[in-house]
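What's in query.txt: compact mmCIF, C-alpha atoms and all ligand atoms
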# COMPACT_ATOMS: atom_id res chain seq x y z
CA MET K 1 2.02 33.10 -11.12
CA SER K 2 -1.50 31.78 -10.99
CA PHE K 3 -3.38 31.11 -7.76
CA PHE K 4 -4.25 27.68 -9.17
CA ASN K 5 -1.82 24.93 -10.18
CA THR K 6 -1.25 24.17 -13.88
CA HIS K 7 -3.59 21.16 -13.89
CA ASP K 8 -6.46 23.24 -12.52
CA VAL K 9 -5.72 26.11 -14.93
CA GLU K 10 -5.80 23.69 -17.86
CA GLN K 11 -9.11 22.19 -16.71
CA MET K 12 -10.59 25.68 -16.07
CA LYS K 13 -9.65 26.75 -19.62
CA LYS K 14 -11.31 23.65 -21.06
CA LEU K 15 -14.40 24.07 -18.91
CA ALA K 16 -14.81 27.79 -19.74
CA GLU K 17 -14.65 26.93 -23.43
CA LEU K 18 -17.16 24.08 -22.96
CA ILE K 19 -19.57 26.39 -21.08
CA ARG K 20 -19.57 28.84 -24.01
CA VAL K 21 -20.28 25.99 -26.44
CA LEU K 22 -23.05 24.46 -24.28
CA ASN K 23 -24.65 27.90 -24.12
CA THR K 24 -25.29 27.76 -27.87
CA THR K 25 -27.07 24.39 -27.67
CA GLY K 26 -29.90 24.96 -25.16
CA HIS K 27 -28.15 23.96 -21.93
CA ASN K 28 -28.12 27.38 -20.19
CA PRO K 29 -31.15 29.54 -21.06
CA ALA K 30 -31.31 32.88 -19.20
CA THR K 31 -27.91 32.50 -17.41
CA SER K 32 -29.08 29.18 -15.88
CA GLY K 33 -26.78 26.20 -15.47
CA ASN K 34 -23.63 26.05 -13.37
CA TYR K 35 -20.31 24.25 -13.49
CA SER K 36 -17.44 23.24 -11.28
CA LEU K 37 -14.16 21.37 -10.85
CA ARG K 38 -12.62 19.49 -7.95
CA SER K 39 -9.49 21.47 -7.15
CA THR K 40 -6.12 19.72 -7.23
CA THR K 41 -4.49 22.95 -5.97
CA SER K 42 -6.13 22.33 -2.58
CA PRO K 43 -8.49 19.59 -1.33
CA GLU K 44 -10.19 22.21 0.87
CA TYR K 45 -12.22 23.83 -1.89
CA ALA K 46 -13.95 23.19 -5.21
CA ILE K 47 -13.78 25.65 -8.13
CA VAL K 48 -17.34 26.79 -8.89
CA SER K 49 -18.82 29.06 -11.58
CA GLU K 50 -19.89 32.57 -10.56
CA SER K 51 -23.61 33.30 -10.26
CA GLY K 52 -25.46 35.39 -12.83
CA VAL K 53 -22.80 35.44 -15.56
CA ASP K 54 -23.98 35.38 -19.18
CA LYS K 55 -22.61 32.02 -20.31
CA SER K 56 -21.79 33.35 -23.79
CA ARG K 57 -19.09 35.50 -22.09
CA PHE K 58 -17.95 32.98 -19.50
CA ASP K 59 -14.16 32.93 -18.98
CA MET K 60 -11.44 31.92 -16.50
CA ASP K 61 -12.17 34.90 -14.20
CA HIS K 62 -15.66 33.55 -13.51
CA PHE K 63 -14.41 30.56 -11.49
CA LEU K 64 -14.38 30.92 -7.69
CA PRO K 65 -12.74 28.65 -5.08
CA VAL K 66 -15.43 27.71 -2.53
CA PHE K 67 -14.46 25.94 0.70
CA PHE K 68 -16.18 22.64 1.50
CA LYS K 69 -16.19 23.37 5.21
CA THR K 70 -17.66 26.88 5.29
CA ARG K 71 -19.25 27.16 1.80
CA GLU K 72 -17.43 30.55 1.62
CA ILE K 73 -15.51 31.96 -1.35
CA HIS K 74 -11.73 32.20 -0.81
CA GLU K 75 -10.92 35.68 0.55
CA LEU K 76 -8.69 36.57 -2.41
CA PHE K 77 -11.69 36.16 -4.73
CA GLN K 78 -14.29 38.02 -2.66
CA ARG K 79 -15.76 41.20 -4.20
CA PRO K 80 -18.93 43.13 -3.28
CA GLY K 81 -21.94 41.39 -4.79
CA ARG K 82 -19.88 38.49 -6.11
CA LYS K 83 -21.14 35.01 -5.29
CA SER K 84 -20.80 31.48 -6.55
CA SER K 85 -23.72 29.71 -8.17
CA ASP K 86 -26.92 29.43 -6.12
CA GLU K 87 -26.57 25.66 -6.52
CA THR K 88 -23.01 25.49 -5.15
CA ASP K 89 -24.15 23.17 -2.33
CA ILE K 90 -25.22 20.51 -4.84
CA HIS K 91 -21.84 20.62 -6.60
CA LEU K 92 -20.05 20.27 -3.25
CA ALA K 93 -22.36 17.39 -2.22
CA ILE K 94 -21.47 15.53 -5.45
CA TYR K 95 -17.73 15.94 -4.77
CA GLU K 96 -18.24 14.84 -1.16
CA SER K 97 -20.00 11.61 -2.18
CA THR K 98 -18.34 10.56 -5.48
CA ASN K 99 -14.91 10.66 -7.14
CA ALA K 100 -16.07 13.30 -9.64
CA GLY K 101 -13.45 15.74 -10.93
CA CYS K 102 -15.86 17.93 -12.91
CA VAL K 103 -19.62 18.59 -12.58
CA LEU K 104 -21.83 20.07 -15.32
CA HIS K 105 -25.38 21.29 -14.62
CA SER K 106 -27.65 21.73 -17.62
CA HIS K 107 -31.27 22.89 -17.89
CA LYS K 108 -31.77 21.23 -21.26
CA VAL K 109 -35.42 20.29 -21.68
CA GLU K 110 -34.90 16.63 -22.71
CA ALA K 111 -33.58 15.67 -19.26
CA LEU K 112 -36.82 16.95 -17.66
CA LEU K 113 -39.02 15.13 -20.18
CA PHE K 114 -37.00 11.93 -19.73
CA ALA K 115 -37.51 12.03 -15.93
CA ASN K 116 -41.26 12.35 -16.55
CA LEU K 117 -41.17 8.86 -18.08
CA PHE K 118 -40.51 7.58 -14.52
CA PRO K 119 -43.28 9.14 -12.40
CA ARG K 120 -42.95 8.67 -8.62
CA ALA K 121 -39.73 6.62 -9.08
CA ASN K 122 -36.48 7.30 -7.23
CA TYR K 123 -34.39 6.23 -10.22
CA ALA K 124 -34.62 6.43 -14.00
CA THR K 125 -32.97 3.60 -15.91
CA ILE K 126 -31.43 3.15 -19.34
CA GLU K 127 -30.28 -0.23 -20.64
CA GLY K 128 -29.26 -2.16 -23.73
CA LEU K 129 -27.96 0.70 -25.88
CA GLU K 130 -24.54 0.86 -27.53
CA LEU K 131 -23.84 4.46 -26.56
CA LEU K 132 -23.85 3.53 -22.86
CA LYS K 133 -20.24 2.53 -23.62
CA GLY K 134 -19.50 6.27 -23.76
CA LEU K 135 -19.81 6.25 -19.95
CA LYS K 136 -16.47 5.60 -18.26
CA GLY K 137 -15.97 1.98 -17.16
CA ILE K 138 -18.83 0.53 -19.27
CA LYS K 139 -17.63 -1.97 -21.86
CA THR K 140 -20.86 -3.50 -23.14
CA HIS K 141 -24.34 -2.40 -24.14
CA GLU K 142 -25.65 -5.26 -21.95
CA THR K 143 -25.80 -3.09 -18.88
CA LYS K 144 -28.26 -0.94 -16.94
CA VAL K 145 -27.47 2.56 -15.75
CA GLU K 146 -29.53 4.15 -12.97
CA ILE K 147 -29.98 7.91 -12.67
CA PRO K 148 -31.24 9.08 -9.26
CA LEU K 149 -34.25 11.41 -9.43
CA PHE K 150 -35.04 14.12 -6.86
CA GLU K 151 -37.98 16.47 -6.41
CA ASN K 152 -36.97 20.07 -7.02
CA THR K 153 -36.88 22.55 -4.14
CA GLN K 154 -35.46 26.03 -3.55
CA ASP K 155 -33.93 24.75 -0.29
CA ILE K 156 -30.58 23.78 -1.81
CA THR K 157 -29.05 22.78 1.53
CA LEU K 158 -31.91 20.31 2.09
CA LEU K 159 -31.49 19.01 -1.44
CA ALA K 160 -27.75 18.50 -0.92
CA ASP K 161 -28.54 16.58 2.29
CA ARG K 162 -30.88 14.30 0.32
CA ILE K 163 -28.38 13.79 -2.51
CA ARG K 164 -25.34 12.88 -0.38
CA PRO K 165 -26.56 9.51 1.01
CA VAL K 166 -28.00 8.38 -2.34
CA LEU K 167 -24.74 9.00 -4.22
CA GLY K 168 -22.66 7.73 -1.30
CA ALA K 169 -24.60 4.46 -1.24
CA SER K 170 -23.95 3.91 -4.95
CA THR K 171 -20.22 4.42 -4.45
CA SER K 172 -20.01 1.97 -1.55
CA ALA K 173 -21.81 -0.69 -3.61
CA ASN K 174 -19.02 -0.24 -6.16
CA GLU K 175 -21.47 1.04 -8.73
CA ARG K 176 -20.62 4.24 -10.50
CA THR K 177 -23.07 7.08 -10.77
CA TYR K 178 -22.75 9.52 -13.62
CA ALA K 179 -25.69 11.88 -13.21
CA LEU K 180 -28.75 12.91 -11.24
CA ILE K 181 -31.89 14.71 -12.34
CA LEU K 182 -33.90 17.31 -10.41
CA ARG K 183 -37.47 16.96 -11.63
CA GLY K 184 -38.75 20.00 -13.50
CA HIS K 185 -35.32 21.63 -13.17
CA GLY K 186 -32.30 20.02 -14.83
CA ILE K 187 -29.55 17.43 -14.86
CA TYR K 188 -26.18 17.21 -13.10
CA VAL K 189 -23.58 15.13 -14.97
CA TRP K 190 -20.04 14.45 -13.80
CA GLY K 191 -16.80 12.71 -14.75
CA ASP K 192 -13.17 12.43 -13.68
CA THR K 193 -12.15 15.27 -16.02
CA VAL K 194 -13.81 18.00 -18.13
CA GLU K 195 -13.50 15.68 -21.15
CA ASP K 196 -15.19 12.78 -19.34
CA ALA K 197 -18.02 14.97 -18.03
CA LYS K 198 -18.56 16.45 -21.51
CA ARG K 199 -18.71 12.98 -23.06
CA HIS K 200 -21.13 11.78 -20.37
CA LEU K 201 -23.41 14.76 -21.03
CA GLU K 202 -23.37 13.95 -24.76
CA VAL K 203 -24.19 10.30 -24.01
CA PHE K 204 -27.19 11.26 -21.86
CA ASP K 205 -28.38 13.85 -24.39
CA TYR K 206 -28.44 11.14 -27.06
CA LEU K 207 -30.01 8.45 -24.84
CA PHE K 208 -32.74 10.83 -23.61
CA GLN K 209 -33.60 11.78 -27.19
CA TYR K 210 -33.78 8.12 -28.14
CA GLN K 211 -36.10 7.25 -25.23
CA LEU K 212 -38.37 10.24 -25.95
CA GLU K 213 -38.54 9.51 -29.69
CA MET K 214 -39.46 5.89 -28.91
CA ARG K 215 -42.54 7.12 -27.03
CA ARG K 216 -43.39 9.68 -29.70
CA TYR K 217 -43.75 6.95 -32.28
CA ALA K 218 -45.50 4.71 -29.72
CA TRP K 219 -43.11 1.84 -30.30
CA PRO K 220 -43.06 -0.69 -27.49
CA SER K 221 -40.04 -0.06 -25.26
ZN ZN J 1 -30.31 24.76 -12.04

Target format structure tokens, applied to this file:
Amino acid sequence: MSFFNTHDVEQMKKLAELIRVLNTTGHNPATSGNYSLRSTTSPEYAIVSESGVDKSRFDMDHFLPVFFKTREIHELFQRPGRKSSDETDIHLAIYESTNAGCVLHSHKVEALLFANLFPRANYATIEGLELLKGLKGIKTHETKVEIPLFENTQDITLLADRIRPVLGASTSANERTYALILRGHGIYVWGDTVEDAKRHLEVFDYLFQYQLEMRRYAWPS
């Protein structure tokens, strides 16, 4: 019998497979990137990817339950030298301030370049494009999606403290958030399920490319 319930096992299988695929398309250079699920086995922990694993070999055994309260790995999963992603705190902060069920963190270069189009801003925006309908709950291209932007830092606890109120405020205003970008670092994208998060990442990949190509050809935006 598995430690995790069947729903979590199913989502972990899907996420492990997705991680291996994303690894082949520029999302995780040099073991970067990290991934997680909200556990339905227990509300006390999230299921977070192990640190330092080559994403081309990522499998079910590389997921670790990490408690929200203590930030510790569940005792049954502790091994010498084993730790969850260095950015675990950011994943937990996203679960604490949104309804996300799955969080993907990619280092793909287009997200960084896209954020550079909004210097000194707290939010990047995308509006008026059909593919925005790929984001859950959006039914028309006549909408504007905001992506919070944060300065990068190696103090992940501080970063998580900055992220929580921004995402929490969006939720209370009844506006969904789908992603955030750390400048010069990468993007976090989330959804209710692995499938939703994957689709949202694909939507942003496409929209970022579109915005960057627009500038490349110097068309008015
Ligand atoms: Zn990162």

Inset, instruction - Using all atoms listed in the file, determine which residues lie at most 8 Å from range 91-106 of chain K, disregarding the query and same-chain residues fewer than 2 positions distant; provide the list as a ChimeraX atom specification. - result: /K:27-28,32-39,46,48,68,87-89,108,160-161,163-165,167-168,171,177,186-194,197-198,201

Inset, instruction - Enter the distance from CA of Pro43 in chain K to CA of Asn152 in chain K, in Å, rounded to one decimal. - result: 29.0 Å

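Closest approach to Phe77 in chain K among K:Glu202, K:Asp196, K:Glu50, K:Asp59 is made by K:Glu50 (distances from all atoms listed in the file).
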
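Of the listed residues (K:Arg71, K:Ala124, K:His107, K:Ser51), K:His107 comes nearest to ligand ZN 1 (chain J); the distances count all atoms listed in the file.
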
Legend entry - Nearest to Leu113 in chain K, chosen from K:His7, K:Arg82, K:Arg162, K:Arg183, with only C-alpha atoms counted in the distances: K:Arg183

Legend entry - Coordinates-based distance that separates CA of Ala169 in chain K from CA of Phe150 in chain K (Å, one decimal): 15.3 Å

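Among the candidates K:Arg57, K:His74, K:Arg79, K:Arg215, the residue lying nearest to Leu22 in chain K is K:Arg57 (atoms considered: only C-alpha atoms).
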
Legend entry - Within-12 Å shell of (-42.8, 16.2, -2.9) in input frame, all atoms listed in the file, as a list of chain:residue names: K:Pro119, K:Arg120, K:Ala121, K:Asn122, K:Leu149, K:Phe150, K:Glu151, K:Asn152, K:Thr153, K:Leu159, K:Leu182, K:Arg183, K:Gly184

Based on the selection just made, write C-alpha atoms of those residues as a compact mmCIF listing (two decimals), in the coordinates of the input.
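Final output, selection_5.txt:
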# COMPACT_ATOMS: atom_id res chain seq x y z
CA PRO K 119 -43.28 9.14 -12.40
CA ARG K 120 -42.95 8.67 -8.62
CA ALA K 121 -39.73 6.62 -9.08
CA ASN K 122 -36.48 7.30 -7.23
CA LEU K 149 -34.25 11.41 -9.43
CA PHE K 150 -35.04 14.12 -6.86
CA GLU K 151 -37.98 16.47 -6.41
CA ASN K 152 -36.97 20.07 -7.02
CA THR K 153 -36.88 22.55 -4.14
CA LEU K 159 -31.49 19.01 -1.44
CA LEU K 182 -33.90 17.31 -10.41
CA ARG K 183 -37.47 16.96 -11.63
CA GLY K 184 -38.75 20.00 -13.50
